[in-house]
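coords-v7.cif, holding mmCIF, C-alpha atoms, pLDDT in the B column; chains and numbers go by the auth columns:
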```cif
data_data
loop_
_atom_site.group_PDB
_atom_site.id
_atom_site.type_symbol
_atom_site.label_atom_id
_atom_site.label_comp_id
_atom_site.label_asym_id
_atom_site.label_seq_id
_atom_site.Cartn_x
_atom_site.Cartn_y
_atom_site.Cartn_z
_atom_site.B_iso_or_equiv
_atom_site.auth_seq_id
_atom_site.auth_asym_id
ATOM 1 C CA MET A 1 -6.368 0.346 -20.445 95.00 1 A
ATOM 2 C CA GLN A 2 -2.810 -0.827 -19.863 98.00 2 A
ATOM 3 C CA ILE A 3 -0.790 1.008 -17.219 98.00 3 A
ATOM 4 C CA LEU A 4 2.500 0.250 -15.484 98.00 4 A
ATOM 5 C CA GLY A 5 1.811 -0.145 -11.760 98.00 5 A
ATOM 6 C CA VAL A 6 4.643 0.467 -9.288 98.00 6 A
ATOM 7 C CA ASP A 7 4.590 -0.268 -5.554 96.00 7 A
ATOM 8 C CA VAL A 8 7.317 1.520 -3.576 96.00 8 A
ATOM 9 C CA GLY A 9 8.121 -0.140 -0.252 91.00 9 A
ATOM 10 C CA GLY A 10 10.751 0.254 2.404 88.00 10 A
ATOM 11 C CA SER A 11 12.668 -2.810 1.229 89.00 11 A
ATOM 12 C CA GLY A 12 11.558 -3.352 -2.375 95.00 12 A
ATOM 13 C CA ILE A 13 10.163 -1.489 -5.381 97.00 13 A
ATOM 14 C CA LYS A 14 7.902 -3.724 -7.459 97.00 14 A
ATOM 15 C CA GLY A 15 6.277 -3.208 -10.833 98.00 15 A
ATOM 16 C CA ALA A 16 4.238 -4.905 -13.551 98.00 16 A
ATOM 17 C CA LEU A 17 2.040 -3.980 -16.470 98.00 17 A
ATOM 18 C CA VAL A 18 -1.644 -4.062 -15.473 98.00 18 A
ATOM 19 C CA GLU A 19 -4.843 -4.380 -17.489 98.00 19 A
ATOM 20 C CA THR A 20 -7.080 -1.991 -15.568 98.00 20 A
ATOM 21 C CA GLU A 21 -10.328 -3.404 -16.963 97.00 21 A
ATOM 22 C CA THR A 22 -9.707 -6.703 -15.183 96.00 22 A
ATOM 23 C CA GLY A 23 -6.994 -6.013 -12.611 96.00 23 A
ATOM 24 C CA GLN A 24 -4.800 -8.700 -14.147 96.00 24 A
ATOM 25 C CA LEU A 25 -1.020 -8.492 -14.391 97.00 25 A
ATOM 26 C CA LEU A 26 0.083 -8.687 -18.022 97.00 26 A
ATOM 27 C CA THR A 27 3.758 -9.204 -17.162 97.00 27 A
ATOM 28 C CA GLU A 28 5.695 -10.928 -14.418 95.00 28 A
ATOM 29 C CA ARG A 29 6.190 -8.829 -11.316 96.00 29 A
ATOM 30 C CA VAL A 30 9.680 -7.312 -11.211 97.00 30 A
ATOM 31 C CA ARG A 31 11.199 -6.446 -7.843 97.00 31 A
ATOM 32 C CA LEU A 32 14.224 -4.203 -7.289 98.00 32 A
ATOM 33 C CA GLU A 33 15.775 -3.437 -3.927 97.00 33 A
ATOM 34 C CA THR A 34 14.824 -0.085 -2.430 97.00 34 A
ATOM 35 C CA PRO A 35 18.027 1.988 -2.484 97.00 35 A
ATOM 36 C CA GLN A 36 19.552 3.002 0.825 96.00 36 A
ATOM 37 C CA PRO A 37 19.390 5.796 1.637 96.00 37 A
ATOM 38 C CA ALA A 38 15.981 6.006 -0.029 97.00 38 A
ATOM 39 C CA THR A 39 16.373 9.562 -1.328 98.00 39 A
ATOM 40 C CA PRO A 40 14.154 11.103 -4.023 98.00 40 A
ATOM 41 C CA ASP A 41 16.772 10.818 -6.746 97.00 41 A
ATOM 42 C CA ALA A 42 17.708 7.243 -5.780 98.00 42 A
ATOM 43 C CA ILE A 43 14.086 6.045 -5.775 98.00 43 A
ATOM 44 C CA GLY A 44 13.341 8.013 -8.926 98.00 44 A
ATOM 45 C CA GLN A 45 16.243 6.309 -10.679 98.00 45 A
ATOM 46 C CA THR A 46 15.039 2.872 -9.518 98.00 46 A
ATOM 47 C CA ILE A 47 11.540 3.538 -10.825 98.00 47 A
ATOM 48 C CA GLY A 48 13.128 4.687 -14.070 98.00 48 A
ATOM 49 C CA GLU A 49 14.971 1.375 -14.241 98.00 49 A
ATOM 50 C CA LEU A 50 11.676 -0.498 -13.814 97.00 50 A
ATOM 51 C CA VAL A 51 10.198 1.525 -16.656 98.00 51 A
ATOM 52 C CA ARG A 52 13.137 0.654 -18.921 97.00 52 A
ATOM 53 C CA MET A 53 12.957 -3.033 -17.971 97.00 53 A
ATOM 54 C CA HIS A 54 9.336 -3.047 -19.176 97.00 54 A
ATOM 55 C CA ASP A 55 10.213 -0.990 -22.281 97.00 55 A
ATOM 56 C CA TRP A 56 7.245 1.149 -21.252 98.00 56 A
ATOM 57 C CA LYS A 57 6.219 4.461 -22.828 98.00 57 A
ATOM 58 C CA GLY A 58 2.776 5.025 -21.297 97.00 58 A
ATOM 59 C CA PRO A 59 1.358 6.276 -17.987 98.00 59 A
ATOM 60 C CA VAL A 60 2.783 5.058 -14.674 98.00 60 A
ATOM 61 C CA GLY A 61 0.805 4.651 -11.447 98.00 61 A
ATOM 62 C CA ILE A 62 2.844 4.672 -8.238 98.00 62 A
ATOM 63 C CA GLY A 63 1.890 3.697 -4.707 97.00 63 A
ATOM 64 C CA PHE A 64 4.218 5.493 -2.303 97.00 64 A
ATOM 65 C CA PRO A 65 4.673 5.143 1.507 93.00 65 A
ATOM 66 C CA ALA A 66 3.610 8.669 2.447 95.00 66 A
ATOM 67 C CA ALA A 67 0.588 10.881 2.767 96.00 67 A
ATOM 68 C CA ILE A 68 0.293 12.463 -0.680 97.00 68 A
ATOM 69 C CA GLN A 69 -1.599 15.741 -0.938 96.00 69 A
ATOM 70 C CA ARG A 70 -2.049 17.129 -4.463 94.00 70 A
ATOM 71 C CA GLY A 71 1.142 15.414 -5.566 96.00 71 A
ATOM 72 C CA VAL A 72 3.245 16.537 -2.584 98.00 72 A
ATOM 73 C CA ALA A 73 4.555 14.118 0.062 98.00 73 A
ATOM 74 C CA ARG A 74 3.558 15.263 3.554 97.00 74 A
ATOM 75 C CA THR A 75 5.161 12.370 5.441 95.00 75 A
ATOM 76 C CA ALA A 76 7.987 9.925 4.775 92.00 76 A
ATOM 77 C CA ALA A 77 7.457 6.443 6.209 82.00 77 A
ATOM 78 C CA ASN A 78 10.423 4.114 5.644 87.00 78 A
ATOM 79 C CA VAL A 79 11.980 6.432 3.047 95.00 79 A
ATOM 80 C CA ASP A 80 14.323 9.414 3.402 97.00 80 A
ATOM 81 C CA ARG A 81 12.831 12.431 5.167 97.00 81 A
ATOM 82 C CA SER A 82 13.945 14.657 2.298 98.00 82 A
ATOM 83 C CA PHE A 83 10.731 13.527 0.589 98.00 83 A
ATOM 84 C CA ILE A 84 8.663 15.653 2.982 98.00 84 A
ATOM 85 C CA GLY A 85 7.361 18.682 1.096 98.00 85 A
ATOM 86 C CA LEU A 86 8.591 17.337 -2.251 98.00 86 A
ATOM 87 C CA ASP A 87 6.430 17.253 -5.372 98.00 87 A
ATOM 88 C CA VAL A 88 6.843 13.518 -5.939 98.00 88 A
ATOM 89 C CA VAL A 89 4.777 13.568 -9.123 98.00 89 A
ATOM 90 C CA GLU A 90 7.228 16.005 -10.700 98.00 90 A
ATOM 91 C CA CYS A 91 10.237 14.088 -9.325 98.00 91 A
ATOM 92 C CA PHE A 92 9.187 10.684 -10.646 98.00 92 A
ATOM 93 C CA SER A 93 7.912 12.075 -13.943 98.00 93 A
ATOM 94 C CA ARG A 94 11.288 13.733 -14.463 98.00 94 A
ATOM 95 C CA HIS A 95 13.217 10.527 -13.744 98.00 95 A
ATOM 96 C CA THR A 96 11.040 8.362 -15.984 98.00 96 A
ATOM 97 C CA GLY A 97 10.248 10.839 -18.731 98.00 97 A
ATOM 98 C CA LEU A 98 6.627 9.686 -18.449 98.00 98 A
ATOM 99 C CA ALA A 99 3.391 10.878 -16.873 97.00 99 A
ATOM 100 C CA CYS A 100 3.361 9.572 -13.286 98.00 100 A
ATOM 101 C CA TYR A 101 0.396 9.480 -10.920 98.00 101 A
ATOM 102 C CA VAL A 102 1.289 9.021 -7.247 98.00 102 A
ATOM 103 C CA ALA A 103 -0.869 8.194 -4.222 98.00 103 A
ATOM 104 C CA ASN A 104 -0.443 6.655 -0.789 96.00 104 A
ATOM 105 C CA ASP A 105 0.582 3.003 -1.076 93.00 105 A
ATOM 106 C CA ALA A 106 -2.088 1.582 1.227 93.00 106 A
ATOM 107 C CA ASP A 107 -4.777 3.706 -0.435 97.00 107 A
ATOM 108 C CA VAL A 108 -3.989 2.292 -3.866 96.00 108 A
ATOM 109 C CA ALA A 109 -3.840 -1.265 -2.516 93.00 109 A
ATOM 110 C CA GLY A 110 -7.287 -0.595 -1.100 96.00 110 A
ATOM 111 C CA LEU A 111 -8.548 0.565 -4.498 97.00 111 A
ATOM 112 C CA ALA A 112 -7.614 -2.818 -5.960 96.00 112 A
ATOM 113 C CA GLU A 113 -9.427 -4.721 -3.224 96.00 113 A
ATOM 114 C CA ILE A 114 -12.534 -2.537 -3.386 97.00 114 A
ATOM 115 C CA ARG A 115 -12.841 -2.720 -7.171 97.00 115 A
ATOM 116 C CA PHE A 116 -11.875 -6.325 -7.851 96.00 116 A
ATOM 117 C CA GLY A 117 -11.003 -8.081 -4.611 95.00 117 A
ATOM 118 C CA ALA A 118 -12.103 -8.883 -1.081 95.00 118 A
ATOM 119 C CA GLY A 119 -13.926 -5.575 -0.587 96.00 119 A
ATOM 120 C CA LYS A 120 -15.929 -5.680 -3.817 95.00 120 A
ATOM 121 C CA ASP A 121 -19.636 -4.850 -3.276 94.00 121 A
ATOM 122 C CA GLN A 122 -19.073 -4.615 0.492 94.00 122 A
ATOM 123 C CA ALA A 123 -21.386 -2.065 2.106 94.00 123 A
ATOM 124 C CA GLY A 124 -20.401 -0.020 5.142 97.00 124 A
ATOM 125 C CA VAL A 125 -16.874 0.557 6.411 98.00 125 A
ATOM 126 C CA VAL A 126 -13.990 -1.481 5.007 98.00 126 A
ATOM 127 C CA MET A 127 -10.508 -1.158 6.468 98.00 127 A
ATOM 128 C CA ILE A 128 -7.543 -2.404 4.471 96.00 128 A
ATOM 129 C CA ILE A 129 -4.292 -2.899 6.388 95.00 129 A
ATOM 130 C CA THR A 130 -1.056 -3.629 4.543 91.00 130 A
ATOM 131 C CA ILE A 131 1.531 -5.446 6.636 92.00 131 A
ATOM 132 C CA GLY A 132 5.126 -4.985 5.587 88.00 132 A
ATOM 133 C CA THR A 133 8.026 -2.762 6.592 85.00 133 A
ATOM 134 C CA GLY A 134 5.325 -0.634 8.218 89.00 134 A
ATOM 135 C CA LEU A 135 1.557 -0.818 8.699 93.00 135 A
ATOM 136 C CA GLY A 136 -0.388 0.943 5.977 92.00 136 A
ATOM 137 C CA THR A 137 -4.117 1.625 6.165 96.00 137 A
ATOM 138 C CA ALA A 138 -6.916 2.539 3.790 97.00 138 A
ATOM 139 C CA LEU A 139 -10.429 3.330 4.964 98.00 139 A
ATOM 140 C CA PHE A 140 -13.509 3.101 2.731 98.00 140 A
ATOM 141 C CA ALA A 141 -17.145 3.924 3.502 97.00 141 A
ATOM 142 C CA ASP A 142 -19.588 2.444 0.977 96.00 142 A
ATOM 143 C CA GLY A 143 -16.768 2.275 -1.541 95.00 143 A
ATOM 144 C CA ARG A 144 -15.553 5.852 -1.055 95.00 144 A
ATOM 145 C CA LEU A 145 -11.964 6.367 0.095 96.00 145 A
ATOM 146 C CA LEU A 146 -10.880 8.624 2.946 97.00 146 A
ATOM 147 C CA PRO A 147 -7.289 9.189 1.761 96.00 147 A
ATOM 148 C CA ASN A 148 -4.041 9.334 3.724 96.00 148 A
ATOM 149 C CA THR A 149 -5.248 7.846 6.991 95.00 149 A
ATOM 150 C CA GLU A 150 -1.735 6.640 8.022 91.00 150 A
ATOM 151 C CA LEU A 151 -3.155 4.751 11.002 96.00 151 A
ATOM 152 C CA GLY A 152 -0.057 2.615 11.368 94.00 152 A
ATOM 153 C CA HIS A 153 1.442 5.548 13.251 93.00 153 A
ATOM 154 C CA ILE A 154 -1.077 5.727 16.072 96.00 154 A
ATOM 155 C CA PHE A 155 0.154 4.977 19.584 97.00 155 A
ATOM 156 C CA LEU A 156 -1.231 1.910 21.307 96.00 156 A
ATOM 157 C CA ASP A 157 -2.295 1.628 24.919 91.00 157 A
ATOM 158 C CA ASN A 158 1.198 0.360 25.785 92.00 158 A
ATOM 159 C CA GLY A 159 2.684 3.651 24.592 95.00 159 A
ATOM 160 C CA GLU A 160 4.328 2.222 21.471 96.00 160 A
ATOM 161 C CA GLU A 161 3.729 3.303 17.893 97.00 161 A
ATOM 162 C CA ALA A 162 1.691 0.597 16.176 97.00 162 A
ATOM 163 C CA GLU A 163 4.078 -0.195 13.348 93.00 163 A
ATOM 164 C CA ALA A 164 7.041 -0.229 15.729 96.00 164 A
ATOM 165 C CA PHE A 165 5.177 -2.884 17.712 97.00 165 A
ATOM 166 C CA ALA A 166 3.322 -5.024 15.174 97.00 166 A
ATOM 167 C CA SER A 167 4.636 -4.568 11.625 96.00 167 A
ATOM 168 C CA GLY A 168 5.997 -7.378 9.494 94.00 168 A
ATOM 169 C CA ALA A 169 9.477 -5.886 9.811 93.00 169 A
ATOM 170 C CA VAL A 170 9.249 -6.117 13.608 96.00 170 A
ATOM 171 C CA ARG A 171 8.177 -9.759 13.384 96.00 171 A
ATOM 172 C CA ASP A 172 11.213 -10.509 11.219 95.00 172 A
ATOM 173 C CA ALA A 173 13.660 -8.432 13.272 96.00 173 A
ATOM 174 C CA GLN A 174 12.589 -10.033 16.553 97.00 174 A
ATOM 175 C CA SER A 175 12.115 -13.525 15.062 97.00 175 A
ATOM 176 C CA LEU A 176 8.605 -13.677 16.501 97.00 176 A
ATOM 177 C CA LYS A 177 6.533 -16.811 16.015 97.00 177 A
ATOM 178 C CA TRP A 178 3.249 -16.229 14.202 97.00 178 A
ATOM 179 C CA ASN A 179 1.204 -16.733 17.379 96.00 179 A
ATOM 180 C CA ALA A 180 3.296 -14.239 19.351 97.00 180 A
ATOM 181 C CA TRP A 181 3.187 -11.694 16.566 98.00 181 A
ATOM 182 C CA GLY A 182 -0.540 -12.348 16.088 97.00 182 A
ATOM 183 C CA LYS A 183 -1.196 -11.297 19.674 97.00 183 A
ATOM 184 C CA ARG A 184 0.629 -8.044 19.014 98.00 184 A
ATOM 185 C CA PHE A 185 -1.250 -7.462 15.788 98.00 185 A
ATOM 186 C CA ASN A 186 -4.539 -8.196 17.524 98.00 186 A
ATOM 187 C CA ARG A 187 -3.762 -5.434 20.001 97.00 187 A
ATOM 188 C CA TYR A 188 -3.576 -3.072 17.045 98.00 188 A
ATOM 189 C CA LEU A 189 -6.738 -4.435 15.414 98.00 189 A
ATOM 190 C CA THR A 190 -8.784 -4.103 18.585 97.00 190 A
ATOM 191 C CA GLN A 191 -7.830 -0.436 18.811 97.00 191 A
ATOM 192 C CA MET A 192 -8.779 0.080 15.142 97.00 192 A
ATOM 193 C CA GLU A 193 -12.130 -1.571 15.809 97.00 193 A
ATOM 194 C CA PHE A 194 -12.760 0.595 18.868 96.00 194 A
ATOM 195 C CA LEU A 195 -12.107 3.730 16.802 96.00 195 A
ATOM 196 C CA PHE A 196 -13.770 2.889 13.465 97.00 196 A
ATOM 197 C CA TRP A 197 -16.011 -0.205 13.862 98.00 197 A
ATOM 198 C CA PRO A 198 -15.319 -1.593 10.384 98.00 198 A
ATOM 199 C CA ASP A 199 -17.711 -4.073 8.811 98.00 199 A
ATOM 200 C CA LEU A 200 -14.784 -5.862 7.158 98.00 200 A
ATOM 201 C CA ILE A 201 -11.009 -5.882 7.679 98.00 201 A
ATOM 202 C CA VAL A 202 -8.831 -6.865 4.719 96.00 202 A
ATOM 203 C CA LEU A 203 -5.159 -7.710 5.295 95.00 203 A
ATOM 204 C CA GLY A 204 -2.628 -7.145 2.532 90.00 204 A
ATOM 205 C CA GLY A 205 1.142 -7.274 2.268 84.00 205 A
ATOM 206 C CA GLY A 206 3.418 -10.245 2.811 82.00 206 A
ATOM 207 C CA ALA A 207 1.754 -11.473 6.014 88.00 207 A
ATOM 208 C CA SER A 208 -1.650 -11.734 4.337 89.00 208 A
ATOM 209 C CA ALA A 209 -0.619 -15.034 2.747 89.00 209 A
ATOM 210 C CA LYS A 210 -0.026 -16.446 6.253 94.00 210 A
ATOM 211 C CA LEU A 211 -3.326 -15.400 7.811 96.00 211 A
ATOM 212 C CA GLU A 212 -4.157 -18.954 8.862 96.00 212 A
ATOM 213 C CA LYS A 213 -1.023 -18.971 11.053 97.00 213 A
ATOM 214 C CA PHE A 214 -2.249 -16.152 13.297 98.00 214 A
ATOM 215 C CA ALA A 215 -6.020 -15.960 12.696 97.00 215 A
ATOM 216 C CA ASP A 216 -6.776 -17.733 15.985 97.00 216 A
ATOM 217 C CA GLN A 217 -5.129 -14.835 17.868 98.00 217 A
ATOM 218 C CA LEU A 218 -7.560 -12.266 16.444 98.00 218 A
ATOM 219 C CA THR A 219 -10.501 -11.322 18.658 98.00 219 A
ATOM 220 C CA VAL A 220 -12.157 -8.459 16.750 98.00 220 A
ATOM 221 C CA ALA A 221 -15.840 -8.725 15.880 97.00 221 A
ATOM 222 C CA ALA A 222 -15.386 -7.773 12.226 97.00 222 A
ATOM 223 C CA PRO A 223 -14.531 -10.518 9.712 97.00 223 A
ATOM 224 C CA VAL A 224 -10.806 -10.511 8.874 98.00 224 A
ATOM 225 C CA VAL A 225 -9.843 -11.779 5.414 96.00 225 A
ATOM 226 C CA ALA A 226 -6.722 -11.865 3.275 94.00 226 A
ATOM 227 C CA ALA A 227 -6.513 -9.480 0.349 93.00 227 A
ATOM 228 C CA SER A 228 -7.446 -11.159 -2.915 93.00 228 A
ATOM 229 C CA PHE A 229 -4.342 -9.702 -4.550 90.00 229 A
ATOM 230 C CA LEU A 230 -2.091 -10.498 -1.556 81.00 230 A
ATOM 231 C CA ASN A 231 1.155 -8.555 -2.079 79.00 231 A
ATOM 232 C CA GLN A 232 0.218 -7.578 -5.663 90.00 232 A
ATOM 233 C CA ALA A 233 -2.558 -5.228 -4.505 90.00 233 A
ATOM 234 C CA GLY A 234 -0.219 -2.226 -4.512 92.00 234 A
ATOM 235 C CA ILE A 235 0.810 -2.754 -8.122 96.00 235 A
ATOM 236 C CA VAL A 236 -2.742 -3.263 -9.360 97.00 236 A
ATOM 237 C CA GLY A 237 -4.119 -0.396 -7.294 97.00 237 A
ATOM 238 C CA ALA A 238 -1.418 2.010 -8.455 98.00 238 A
ATOM 239 C CA ALA A 239 -2.458 1.341 -12.041 98.00 239 A
ATOM 240 C CA LEU A 240 -6.137 1.809 -11.117 98.00 240 A
ATOM 241 C CA TYR A 241 -5.334 5.131 -9.441 98.00 241 A
ATOM 242 C CA ALA A 242 -3.555 6.346 -12.570 98.00 242 A
ATOM 243 C CA GLU A 243 -6.569 5.279 -14.635 98.00 243 A
ATOM 244 C CA THR A 244 -8.963 7.308 -12.465 96.00 244 A
ATOM 245 C CA GLN A 245 -6.757 10.391 -12.771 96.00 245 A
ATOM 246 C CA LEU A 246 -6.497 10.036 -16.543 95.00 246 A
ATOM 247 C CA LYS A 247 -10.253 9.644 -16.921 91.00 247 A
ATOM 248 C CA ALA A 248 -10.876 12.647 -14.662 90.00 248 A
ATOM 249 C CA ARG A 249 -8.625 14.809 -16.821 85.00 249 A
ATOM 250 C CA GLN A 250 -10.378 13.611 -19.969 82.00 250 A
ATOM 251 C CA GLY A 251 -13.718 14.623 -18.430 71.00 251 A
#
```
This structure in structure tokens:
Amino acid sequence: MQILGVDVGGSGIKGALVETETGQLLTERVRLETPQPATPDAIGQTIGELVRMHDWKGPVGIGFPAAIQRGVARTAANVDRSFIGLDVVECFSRHTGLACYVANDADVAGLAEIRFGAGKDQAGVVMIITIGTGLGTALFADGRLLPNTELGHIFLDNGEEAEAFASGAVRDAQSLKWNAWGKRFNRYLTQMEFLFWPDLIVLGGGASAKLEKFADQLTVAAPVVAASFLNQAGIVGAALYAETQLKARQG
């Protein structure tokens, strides 16, 4: 099945056509700047532009930086707070004129890694962490997703919110060297391990391609690996999420 996958981030909105049977991108990834302020109409219009750029008329899967409960955004991480309580499925479907299927961005990235990537056939607990403007998390137990974990917003033992202390955006804003940032990120990972004891930790987002630059700062017992899809996991996973919803409706 071919589905347009869209990954909405705090700084960029990315999309490509995905073959869901293989997880392969069928088109080049297109990236548009996230509008500021990132209001529902502004983001909806940007997603609509992505749809037009692909000349797409089929279903659209969207990974969005919020807890999504039955199509409604319950949080708003790195987007305008007017999203809270909004039916984002209806909003994006209206702006695109197409059937849209929306889920938490880290959750859909995790779906890609569990089905085709670094978490494939991994038993036990797998934690996927996407490192970007914020810290997104997805938690799987024997391949089953616990949705909307939003563990980037926990407070660390130093009293700071995790993503305000160790996100990719913080590394950029403070011009931190990889080793210095790695020590911060390790502080977050050790707390995740203490709480969930994952059997495998998979890192996605932009920093995942640089794992070798900070791997020696990580002290957790679980293996830590880069996502197979790197920063394309959100696009692929969004398409996979849409596929699962379509198949569920078809029975």
Point to revise | Test item: the PyMOL selection byres ((chain A and resi 212-227) around 10) resolved as an MDAnalysis selection string | key: chainID A and resid 109:110 112:114 117:119 126:130 177:187 189:194 197:205 207:211 228:233
Review point. Looking at only C-alpha atoms, which of A:Leu98, A:Ala173, A:Met1, A:Ala164 is the one that sits closest to A:Pro59?
Key: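 Counting only C-alpha atoms, the residue closest to A:Pro59 is A:Leu98.
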Review point. Hey, what comes out of the PyMOL selection byres ((chain A and resi 133) around 12) on this file? Could you write it as a ChimeraX atom specification?
Key: /A:8-12,34,65,77-79,130-132,134-136,152,162-173,205-207
Exercise for review: Pull out every residue that the PyMOL selection byres ((chain A and resi 58) around 8) matches in the shown coordinates and put them as a list in words.
Suggested key: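 With the PyMOL selection byres ((chain A and resi 58) around 8) on this model, the match is Ile3, Leu4, Trp56, Lys57, Pro59, Val60, Leu98 and Ala99 of chain A.
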Exercise for review: Find the spatial neighbours of stretch 27-29 of chain A, counting all atoms listed in the file, within a cut-off of 6 Å - ignore same-chain residues fewer than 6 positions away - and output them as a ChimeraX atom specification.
Suggested key: /A:15-17
List the neighbours of A:Gly48 out to 8 Å using only C-alpha atoms; skip same-chain residues closer than 5 positions along the sequence, and give me the result as an mmCIF file with C-alpha atoms, keeping the file's coordinate frame.
```
data_model
loop_
_atom_site.group_PDB
_atom_site.id
_atom_site.type_symbol
_atom_site.label_atom_id
_atom_site.label_comp_id
_atom_site.auth_asym_id
_atom_site.auth_seq_id
_atom_site.Cartn_x
_atom_site.Cartn_y
_atom_site.Cartn_z
ATOM 1 C CA PHE A 92 9.187 10.684 -10.646
ATOM 2 C CA HIS A 95 13.217 10.527 -13.744
ATOM 3 C CA THR A 96 11.040 8.362 -15.984
#
```
**Study point:** Atomic distance atom CA of A:Leu86 - atom CA of A:Ala73, expressed in Å with one decimal
**Key:** 5.7 Å
